[in-house]
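Heads up: the structure comes next, in structure tokens.
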Amino acid sequence: MALSLPSSASPSATNALAVDARSLNALKYEAGQNNPQAAKEAAKQFESLFMREMIKSMREATMKSGLMEGGQADLGTDMLDQQLSVQMSGLPGGLSEAIQRQLTKQIGGGQEAAPAFSPPSTLSLPSQSPARAAAAANAYAPAPKGRDSFVQHHRDAAERVSQDSGIPASFMLGQAGHETGWGKSEIRSRDGSNSFNLFGIKAGKGWTGKVAEITTTEYINGTPRKVTAKFRAYDSYEDSFKDYARLINDNPRYEKAREKTHSAVAYAAELQKAGYATDPEYANKLSRAIHSTLRVGPSA
């Protein structure tokens, strides 16, 4: 599928396919020459590759009727998916904007040129599991907001983690709700993707996973201050619940909190004493949030 590139792009890129590695490499070269239009177009083509795989995974997860099947039909469907992936790429607020920023930073800042990107044609790319494609898309999806929607959405994951950890699901749901404003202020990375960090757990020296860096409020000597901090990032909300449970159960500083799981008030008080948060009213706010989750009924 030929793309219409800006006049500043090279002729080889202009006449190339969206899935052609030579086209991407030519665009990356133009971007390395401080050509912002070429960087934008390269980012769009990278996004189209991602969208192509996501559409392919969605088709594979859908039951077929048995009609219009065969080699020619599959080829036609693949070409249609390729067309859709191109049309869906480059939209405002999409992945291409984040890719463009990263690409410009990588090869446009006077650094040594990055190695050439050599993907195979999407007609022969290995299929991505529907679960992985959905997880990648969900990272940019809106999060559930409002106490009832938040609790209903996360209840199953919290209960599964509760069975393994011994921490009541209502305690985890209440704390996750308090930390995120019931989903209204979740931690997101600079590119807009969700960190899935429901508990405000920071990325310390021992953390080797993904990181989201944001500006947050910390209480220093009782006074609120805006500071920049790094927080842990996960692949799913359930991973966040699991990591929180490991933190509470494995860290000696929360030993007394683990002994108070019979009482939301006592548990919240011990978390504050152990230094979980710097807000002097944290225990009171947390215990109220925990109790409020018990008033939320099952989802419809």
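Chain labels A, B, ... are given in the sequence in which chains occur in the structure tokens; within each chain residues are numbered consecutively from 1, and ligands are likewise numbered from 1 in the order shown.
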Exercise for review: Considering only C-alpha atoms, return as a list in words whatever protein or nucleic-acid residues lie within 8 Å of stretch 261-269 of chain A, sequence-local ones (same chain, fewer than 3 positions apart) excluded.
Suggested key: Ile167, Pro168, Phe171, Ala257, Arg258, Gln272, Lys273, Tyr282, Ala283, Asn284, Leu286, Ser287, Ile290 and His291 of chain A
Enumerate, in order of chain and increasing residue number, the residues of stretch 179-218 of chain A with an atom no farther than 12 Å from stretch 238-244 of chain A, each with its shortest atom pair and distance in Å to one decimal, counting only C-alpha atoms, as a tab-separated table.
residue	atom	partner	partner_atom	distance
A:Ile187	CA	A:Ser240	CA	11.9
A:Asn194	CA	A:Ser240	CA	11.7
A:Ser195	CA	A:Ser240	CA	9.1
A:Phe196	CA	A:Ser240	CA	6.4
A:Asn197	CA	A:Ser240	CA	5.6
A:Leu198	CA	A:Ser240	CA	6.3
A:Phe199	CA	A:Tyr244	CA	7.1
A:Gly200	CA	A:Tyr244	CA	9.5
A:Ile201	CA	A:Tyr244	CA	7.7
A:Lys202	CA	A:Tyr244	CA	11.0
A:Ala203	CA	A:Asp243	CA	11.8
A:Trp207	CA	A:Asp243	CA	11.2
A:Gly209	CA	A:Asp243	CA	11.4
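Proximity of A:Ile99, A:Ser89, A:Gln82, A:Gln37 to A:Arg52, computed with only C-alpha atoms, is greatest for A:Gln82.
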Exercise for review: Please identify which residues in stretch 153-257 of chain A DSSP calls helix (DSSP H, G or I) from the backbone, and express them as JSON, numbers by chain.
Suggested key: {"A": [153, 154, 155, 156, 157, 158, 159, 160, 161, 162, 163, 164, 165, 169, 170, 171, 172, 173, 174, 175, 176, 177, 178, 179, 180, 237, 238, 239, 240, 241, 242, 243, 244, 245, 246, 247, 248, 249, 250, 252, 253, 254, 255, 256, 257]}
